[in-house]
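Visitor: Can you keep this structure in mind? I'll have questions shortly.
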Amino acid sequence: MKALIFAAGIGSRLKPFTDNHPKALAPVDGVPMLERTLVKLKTAGVTDVVVNVHHFASQIKEFLQANNNFGLHIYISDETSGLLDTGGGLLKAFRLLDHRNDEPILLHNADILTDTSTDDMLAFHNRVNADVTLLVSERASSRQLYFSSGKELCGWCNLKNGECKPQGFTPAAAMKQMAFGGIHIVQPSIRPRLEEYSASHGDAFSIIPFYLESLHDMRILGFTPSSPFVWHDIGTPEKLAAAEATLRKNHNNQS
């Protein structure tokens with residue numbers, strides 16, 4: 001299996017660390033998030049990884065070289081000339097992802113710390129014949145995705161301002177409200193649809209609006225692990241501290 005790690009973000013909420021470093025190298029309990037993510041993917045059987053870079057790109061390249069790419073085949077998708085966001089980042093990275101055999105691609109935000117089983121998620125993705133599978137959970141968030149009883153994505157709403165997508169979408173009582181967890185699996189076959197979307201929306205675009213506009217063209221489902229799992233977004237100093245507290249607690253419980 002191949003993977004793309006989104007490591008290009010500026011990380012403005014994680015200042016002052018990101019004034020001089022990329023967010024992907026933020027240490028959590030002494031270990032940079034990028035390292036944690038790469039080791040996790042390697043353990044799951046991933047062999048080839050694309051890492052997109054923009055903010056302090058040279059630091060990420062030097063970090064990977066200094067660690068011999070953690071024993072993985074790593075390719076850099078360079079966005080130093082312009083940040084492309086997640087959708088544009090995936091489209092650019094496709095040129096580095098060998099997809100001749102239609103093998104699924106795992107997409108993982110570099111600021112997400114979780115012990116979610118990649119194997120379980122991939123098994124679900126293959127079993128339901130999805131074009132896209134999103135890691136989701138019942139978690140407090142101002143932005144929520146809505147799924148049918150069959151776990152198919154139906155829409156999205158911003159609970160703060162009432163904005164909903166796609167246009168005309170209204171949540172139904174039978175729909176399940178879930179928060180996106182920053183990990184998804186996609187089939188390479190979505191590339192032509194991505195290219196069409198980029199042609200009308202520009203090179204830089206977020207992938208969630210793309211999914212919402214593609215509901216009738218692609219099979220997009222949500223996956224929630226059956227067992228409790230650790231999940232942290234380390235995007236702010238407070239959230240990073242919470243992630244460290246969880247790791248230390250788990251370590252102490254295992255000692």
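Every chain in the structure tokens takes a letter, A first, then B, and so on in the order presented; its residues are numbered from 1, and the ligands are numbered from 1 following the presented order.
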Please run DSSP on the backbone and report, as JSON, numbers by chain, all residues within stretch 14-247 of chain A that come out as helix (DSSP H, G or I).
Guide: {"A": [14, 17, 18, 19, 23, 24, 25, 33, 34, 35, 36, 37, 38, 39, 40, 41, 42, 43, 57, 58, 59, 60, 61, 62, 63, 64, 65, 66, 68, 69, 70, 71, 85, 86, 87, 88, 89, 90, 91, 92, 93, 94, 95, 96, 118, 119, 120, 121, 122, 123, 124, 125, 126, 127, 188, 189, 190, 191, 192, 193, 194, 195, 196, 197, 198, 199, 200, 201, 207, 208, 209, 210, 211, 212, 213, 237, 238, 239, 240, 241, 242, 243, 244, 245, 246, 247]}
Visitor: Can I get the residues of stretch 94-141 of chain A within 10 Å of stretch 29-49 of chain A, each with the closest pair of atoms and their distance in Å to one decimal, using only C-alpha atoms, sorted chain first then ascending number, as JSON lines?
Guide:
{"residue": "A:Leu96", "atom": "CA", "partner": "A:Val49", "partner_atom": "CA", "distance": 9.1}
{"residue": "A:Leu97", "atom": "CA", "partner": "A:Asp48", "partner_atom": "CA", "distance": 8.3}
{"residue": "A:Asp98", "atom": "CA", "partner": "A:Asp48", "partner_atom": "CA", "distance": 9.3}
{"residue": "A:Ile105", "atom": "CA", "partner": "A:Val49", "partner_atom": "CA", "distance": 9.6}
{"residue": "A:Leu106", "atom": "CA", "partner": "A:Val46", "partner_atom": "CA", "distance": 9.0}
{"residue": "A:Leu107", "atom": "CA", "partner": "A:Val49", "partner_atom": "CA", "distance": 9.7}
{"residue": "A:His108", "atom": "CA", "partner": "A:Thr37", "partner_atom": "CA", "distance": 8.1}
{"residue": "A:Asn109", "atom": "CA", "partner": "A:Thr37", "partner_atom": "CA", "distance": 8.8}
{"residue": "A:Ala110", "atom": "CA", "partner": "A:Leu34", "partner_atom": "CA", "distance": 5.9}
{"residue": "A:Asp111", "atom": "CA", "partner": "A:Met33", "partner_atom": "CA", "distance": 6.5}
{"residue": "A:Ile112", "atom": "CA", "partner": "A:Met33", "partner_atom": "CA", "distance": 8.0}
{"residue": "A:Leu113", "atom": "CA", "partner": "A:Met33", "partner_atom": "CA", "distance": 7.6}
{"residue": "A:Thr114", "atom": "CA", "partner": "A:Thr37", "partner_atom": "CA", "distance": 9.0}
{"residue": "A:Asp115", "atom": "CA", "partner": "A:Lys40", "partner_atom": "CA", "distance": 8.4}
{"residue": "A:Thr116", "atom": "CA", "partner": "A:Lys40", "partner_atom": "CA", "distance": 9.8}
{"residue": "A:Ser117", "atom": "CA", "partner": "A:Ala44", "partner_atom": "CA", "distance": 8.1}
{"residue": "A:Thr118", "atom": "CA", "partner": "A:Ala44", "partner_atom": "CA", "distance": 6.5}
{"residue": "A:Asp119", "atom": "CA", "partner": "A:Ala44", "partner_atom": "CA", "distance": 6.9}
Visitor: Take the residues that were just selected and, keeping N, CA and C atoms, output them as a tab-separated table (two decimals), in the first residue's frame.
Guide:
chain	number	residue	atom	x	y	z
A	96	LEU	N	3.59	11.05	-8.42
A	96	LEU	CA	4.61	10.29	-7.70
A	96	LEU	C	4.07	8.97	-7.15
A	97	LEU	N	2.78	8.75	-7.31
A	97	LEU	CA	2.14	7.54	-6.79
A	97	LEU	C	1.86	6.59	-7.94
A	98	ASP	N	2.57	5.48	-7.97
A	98	ASP	CA	2.36	4.49	-9.02
A	98	ASP	C	1.00	3.83	-8.80
A	105	ILE	N	-4.83	4.23	-1.92
A	105	ILE	CA	-3.82	5.14	-1.38
A	105	ILE	C	-4.32	5.68	-0.05
A	106	LEU	N	-3.47	5.59	0.97
A	106	LEU	CA	-3.81	6.11	2.29
A	106	LEU	C	-3.36	7.56	2.39
A	107	LEU	N	-4.26	8.43	2.79
A	107	LEU	CA	-3.95	9.84	3.00
A	107	LEU	C	-3.98	10.11	4.51
A	108	HIS	N	-2.92	10.76	5.02
A	108	HIS	CA	-2.81	10.93	6.48
A	108	HIS	C	-2.28	12.33	6.77
A	109	ASN	N	-3.04	13.12	7.52
A	109	ASN	CA	-2.55	14.44	7.95
A	109	ASN	C	-1.40	14.25	8.93
A	110	ALA	N	-0.36	15.05	8.78
A	110	ALA	CA	0.82	14.90	9.63
A	110	ALA	C	0.58	15.33	11.07
A	111	ASP	N	-0.51	16.03	11.33
A	111	ASP	CA	-0.77	16.51	12.69
A	111	ASP	C	-1.79	15.66	13.44
A	112	ILE	N	-2.05	14.44	12.94
A	112	ILE	CA	-3.00	13.55	13.60
A	112	ILE	C	-2.27	12.41	14.29
A	113	LEU	N	-2.49	12.30	15.58
A	113	LEU	CA	-1.92	11.22	16.38
A	113	LEU	C	-3.04	10.25	16.74
A	114	THR	N	-2.93	9.01	16.28
A	114	THR	CA	-3.98	8.02	16.56
A	114	THR	C	-3.41	6.62	16.52
A	115	ASP	N	-4.05	5.72	17.26
A	115	ASP	CA	-3.67	4.30	17.21
A	115	ASP	C	-4.67	3.50	16.39
A	116	THR	N	-5.46	4.19	15.58
A	116	THR	CA	-6.42	3.51	14.72
A	116	THR	C	-5.73	2.49	13.82
A	117	SER	N	-6.35	1.33	13.66
A	117	SER	CA	-5.78	0.27	12.83
A	117	SER	C	-5.99	0.58	11.35
A	118	THR	N	-4.90	0.77	10.64
A	118	THR	CA	-4.98	0.98	9.19
A	118	THR	C	-5.51	-0.28	8.50
A	119	ASP	N	-5.15	-1.46	9.02
A	119	ASP	CA	-5.61	-2.72	8.43
A	119	ASP	C	-7.13	-2.81	8.46
Visitor: Per residue of stretch 73-177 of chain A within 6 Å of stretch 195-217 of chain A, record the nearest atom pair and its distance in Å to one decimal, counting only C-alpha atoms, with rows in chain order and ascending residue number, as a tab-separated table.
Guide:
residue	atom	partner	partner_atom	distance
A:Leu84	CA	A:Ala204	CA	4.0
A:Asp85	CA	A:Ser206	CA	5.4
A:Thr86	CA	A:Ser206	CA	5.0
A:Gly87	CA	A:Ile207	CA	4.0
A:Gly88	CA	A:Ala204	CA	4.8
A:Pro166	CA	A:Leu212	CA	5.8
Visitor: Residues at most 12 Å from stretch 15-20 of chain A, counting only C-alpha atoms, excluding those fewer than 2 positions away in the same chain, as an mmCIF file with C-alpha atoms, in the first residue's frame?
Guide:
data_model
loop_
_atom_site.group_PDB
_atom_site.id
_atom_site.type_symbol
_atom_site.label_atom_id
_atom_site.label_comp_id
_atom_site.auth_asym_id
_atom_site.auth_seq_id
_atom_site.Cartn_x
_atom_site.Cartn_y
_atom_site.Cartn_z
ATOM 1 C CA ALA A 8 2.919 21.153 3.872
ATOM 2 C CA GLY A 9 0.689 23.179 6.185
ATOM 3 C CA ILE A 10 1.891 26.422 7.747
ATOM 4 C CA GLY A 11 0.496 25.575 11.181
ATOM 5 C CA SER A 12 -0.348 29.134 12.197
ATOM 6 C CA ARG A 13 -2.260 27.916 15.282
ATOM 7 C CA PRO A 22 7.248 22.998 10.011
ATOM 8 C CA LYS A 23 4.267 21.689 11.986
ATOM 9 C CA ALA A 24 5.065 18.125 10.886
ATOM 10 C CA LEU A 25 8.243 18.211 12.995
ATOM 11 C CA ALA A 26 6.480 19.292 16.175
ATOM 12 C CA PRO A 27 7.660 16.859 18.885
ATOM 13 C CA HIS A 55 6.547 25.565 5.109
ATOM 14 C CA PHE A 56 10.253 25.151 6.034
ATOM 15 C CA ALA A 57 10.421 22.404 3.398
ATOM 16 C CA SER A 58 14.197 22.040 3.698
ATOM 17 C CA GLN A 59 13.884 21.032 7.357
ATOM 18 C CA ILE A 234 -1.874 18.473 17.652
ATOM 19 C CA GLY A 235 -2.684 21.690 15.787
ATOM 20 C CA THR A 236 -2.470 24.019 18.806
ATOM 21 C CA PRO A 237 -0.145 24.096 21.849
ATOM 22 C CA GLU A 238 -3.064 23.039 24.051
ATOM 23 C CA LEU A 240 -0.348 19.034 21.581
#
Visitor: From the set A:Asn101, A:Val53, A:Lys249, A:Ala140, which residue has the shortest atom-to-atom contact distance to A:Thr80, counting only C-alpha atoms?
Guide: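 Selected residue with least distance to A:Thr80: A:Val53.
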Visitor: Counting only C-alpha atoms, what is within 9 Å of A:Asp102, bar same-chain residues fewer than 6 positions away, as a list in words?
Guide: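 Counting only the stated atoms, we get Gln187, Pro188 and Ser189 of chain A.
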Visitor: Check the smallest atom-to-atom distance from each of A:Leu221, A:Ala172, A:Leu194, A:Val132 to A:Lys151 using only C-alpha atoms, then report the winner.
Guide: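 Selected residue with least distance to A:Lys151: A:Leu221.
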Visitor: So, counting only C-alpha atoms, which residue among A:Ile5, A:Gly71, A:Lys92, A:Arg219 is closest to A:Val50?
Guide: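 Checking each of A:Ile5, A:Gly71, A:Lys92, A:Arg219 against A:Val50, counting only C-alpha atoms, the winner is A:Ile5.
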Visitor: As an exercise, work out the distance from atom CA of A:Asp78 to atom CA of A:Leu4 in Å and give it to one decimal place.
Guide: 12.6 Å
Visitor: DSSP on the backbone, strand (DSSP E) only: what residues of stretch 115-152 of chain A does that give? Format it as a ChimeraX atom specification.
Guide: /A:132-137,143-147
